[in-house]
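Here's the structure, in structure tokens; my notes come after.
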Amino acid sequence: MEYRTFGGTDFEVWLMGLGCMSMSGFYGAADDDESIATLHRAFDLGINFLDTSAAYGEGHNHRLIAGALKGRRERIVVCTKSGTSRVAEPDGYRPGGSLEYLTKACEDSLRDLDTDRLDIYCMSRIDPRVPVEDSMGALARLVEQGKVRYVALSEAGAGSIGRAQKVHPVVALQMEYSLWARDPEGGNLQACREFGMGFMAYSPLGRGFLTGMVRDHRAIGPDDSRRTHPRFIPGTIEHNVTLLPQLESIAREKGITMPWLALAWVLAQGKDVFPIPSNKSIRHLEENLKALEIR
């Protein structure tokens, strides 16, 4: 079982983490008992890195994880994102990078996770109305107060990363990365490597698309957030589905499944790249881990 140092931290984490978003209803209904069983199974298998957010279920995800972590807290690294305000201002702006917002989100997360310090606190988005230097100053203050150990960013460009690093060390970046979403190759990964940061690849299975199980908009449930996602809407999903046979052919040649191939590809992009697929069932968790056997 291989563990690696995570970015600019002193944490040793397994090659693949566990994203917890789907445990709070983003991809249809979830069952809390099954989610907790999945978390416990992940811990038993050696997974020691969880990705969550204050925005997942408005605290539900944190409270769920807190229950699963009882007696295990010291063994598990929890990375939580700050989210952005649920209440939009009249012009549609949703605050997320101010001292006030980041402090409140941190304190709410500490309470809901039932912990005295966040292992990694990740700002969810660069706030267009707050200089990144000011946001990083707010995050640095939380570190100084002992509420946060390390700071990370999500969806940040190379320029923002460089500016942030001048204020306080950023240990990792989180972005969507898969065979279906190659955007980080446009400079984000390079910036991470320049600064010795880790890279958290969320949605490495393309929000389920690279499993081959989402081929028709009508198959997406009414309470599934993918229903309104541009890649899955009618008129777009039909085109995207025509891309799958290429991947299916490669997987068939290798005698493996398409999801294993997709995850193995992300794992092969560098020792600093950590996939964090989201699971809410033991079956899918164990299926995903088979990708670790593929070279």
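Please note that chains go A, B, ... in the order of the structure tokens, that every chain numbers its residues from 1, and that ligands are numbered from 1 in the order shown.
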Please return, as a PDB file with C-alpha atoms, in the first residue's frame, all residues of range 123-283 of chain A that DSSP assigns to strand (DSSP E or B) on the basis of the backbone.
```
ATOM      1  CA  MET A 123     -11.108  28.476  -0.509  1.00  0.00           C
ATOM      2  CA  VAL A 148      -6.531  25.818  10.340  1.00  0.00           C
ATOM      3  CA  ARG A 149      -3.349  23.861   9.710  1.00  0.00           C
ATOM      4  CA  TYR A 150      -2.871  24.258   5.941  1.00  0.00           C
ATOM      5  CA  VAL A 151      -4.451  26.378   3.213  1.00  0.00           C
ATOM      6  CA  ALA A 152      -5.470  25.304  -0.291  1.00  0.00           C
ATOM      7  CA  LEU A 153      -7.284  26.824  -3.263  1.00  0.00           C
ATOM      8  CA  SER A 154      -9.924  25.529  -5.653  1.00  0.00           C
ATOM      9  CA  ALA A 172      -2.653  22.288  -2.930  1.00  0.00           C
ATOM     10  CA  LEU A 173      -5.070  23.150  -5.716  1.00  0.00           C
ATOM     11  CA  GLN A 174      -8.362  21.436  -6.447  1.00  0.00           C
ATOM     12  CA  MET A 175      -9.883  21.333  -9.939  1.00  0.00           C
ATOM     13  CA  GLU A 176     -11.909  19.005 -12.095  1.00  0.00           C
ATOM     14  CA  SER A 178     -10.274  13.736 -16.179  1.00  0.00           C
ATOM     15  CA  ALA A 181     -11.903  17.773 -18.530  1.00  0.00           C
ATOM     16  CA  GLY A 198      -0.430  18.884  -4.523  1.00  0.00           C
ATOM     17  CA  PHE A 199      -3.236  18.634  -7.063  1.00  0.00           C
ATOM     18  CA  MET A 200      -6.665  17.274  -6.087  1.00  0.00           C
ATOM     19  CA  ALA A 201      -8.485  15.965  -9.169  1.00  0.00           C
ATOM     20  CA  TYR A 202     -12.217  16.038  -8.499  1.00  0.00           C
ATOM     21  CA  ASP A 224     -29.765  15.205  -9.551  1.00  0.00           C
ATOM     22  CA  VAL A 273      -2.015  14.259  -8.665  1.00  0.00           C
ATOM     23  CA  PHE A 274      -4.532  12.798  -6.201  1.00  0.00           C
ATOM     24  CA  PRO A 275      -7.906  11.690  -7.598  1.00  0.00           C
ATOM     25  CA  SER A 278     -17.056  10.850  -5.010  1.00  0.00           C
TER      26      SER A 278
END
```
_Selection: 10 Å around range 220-222 of chain A, only C-alpha atoms, excl. self and same-chain fewer than 2 positions, as JSON, numbers by chain_ = {"A": [27, 28, 29, 214, 215, 216, 217, 218, 224, 225, 226, 227, 228, 232, 233]}
*Return as a PyMOL selection string the full set of residues in range 36-258 of chain A whose backbone-based DSSP assignment is alpha helix (DSSP H).*
chain A and resi 36-45+60-69+99-113+132-144+158-165+188-194+237-241+244-254+258
*May I have the residues within 10 Å of Val170 in chain A as a ChimeraX atom specification, using only C-alpha atoms and disregarding those fewer than 4 positions away in the same chain?*
/A:7-9,120,122,136,150-153,161-162,164-166,192,195-198
_Shell of 9 Å around Asp32 in chain A, only C-alpha atoms, local chain residues under 6 positions omitted, as a list in words_ = Met23, Ser24, Leu64 and Lys280 of chain A
Residues from last step as file, N, CA, C and O atoms, as a short mmCIF file (atom, residue, chain, number, x, y, z; two decimals), in the first residue's frame:
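selection11.cif, freshly written:
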```cif
data_model
loop_
_atom_site.label_atom_id
_atom_site.label_comp_id
_atom_site.auth_asym_id
_atom_site.auth_seq_id
_atom_site.Cartn_x
_atom_site.Cartn_y
_atom_site.Cartn_z
N MET A 23 -22.65 12.19 -1.03
CA MET A 23 -23.32 11.73 0.19
C MET A 23 -24.35 12.72 0.71
O MET A 23 -25.08 12.44 1.65
N SER A 24 -24.39 13.90 0.08
CA SER A 24 -25.34 14.94 0.52
C SER A 24 -26.27 15.37 -0.60
O SER A 24 -26.67 16.53 -0.68
N LEU A 64 -22.22 14.42 8.95
CA LEU A 64 -22.13 13.00 8.61
C LEU A 64 -20.71 12.48 8.83
O LEU A 64 -20.50 11.43 9.45
N LYS A 280 -20.89 7.12 -2.74
CA LYS A 280 -21.84 7.04 -1.63
C LYS A 280 -22.27 5.60 -1.37
O LYS A 280 -23.23 5.36 -0.64
#
```
*Write out as a ChimeraX atom specification each polymer residue whose atoms come within 12 Å of Leu243 in chain A, counting only C-alpha atoms; drop sequence neighbours fewer than 3 positions from it.*
/A:179-180,209-210,212,215,236-240,246-249
*Can you work out which one of A:Glu100, A:Asp272, A:Asp51, A:Asp116 has the shortest atom-to-atom distance to Arg73 in chain A, counting only C-alpha atoms?*
A:Asp116
_Pick from A:Ala42, A:Leu18, A:Leu205, A:Ala158, whichever lies nearest to Glu185 in chain A using only C-alpha atoms_ = A:Ala158
*If we count only C-alpha atoms, what is near Gly59 in chain A at a cut-off of 8 Å, once residues fewer than 3 positions away on the same chain are taken out, given as a list in words?*
Ala54, Ala55, Tyr56, His62, Arg63, Asp108, Ser109 and Asp112 of chain A
*What separation in Å, quoted to one decimal, exists between CA of Pro259 in chain A and CA of Asn288 in chain A?*
7.2 Å
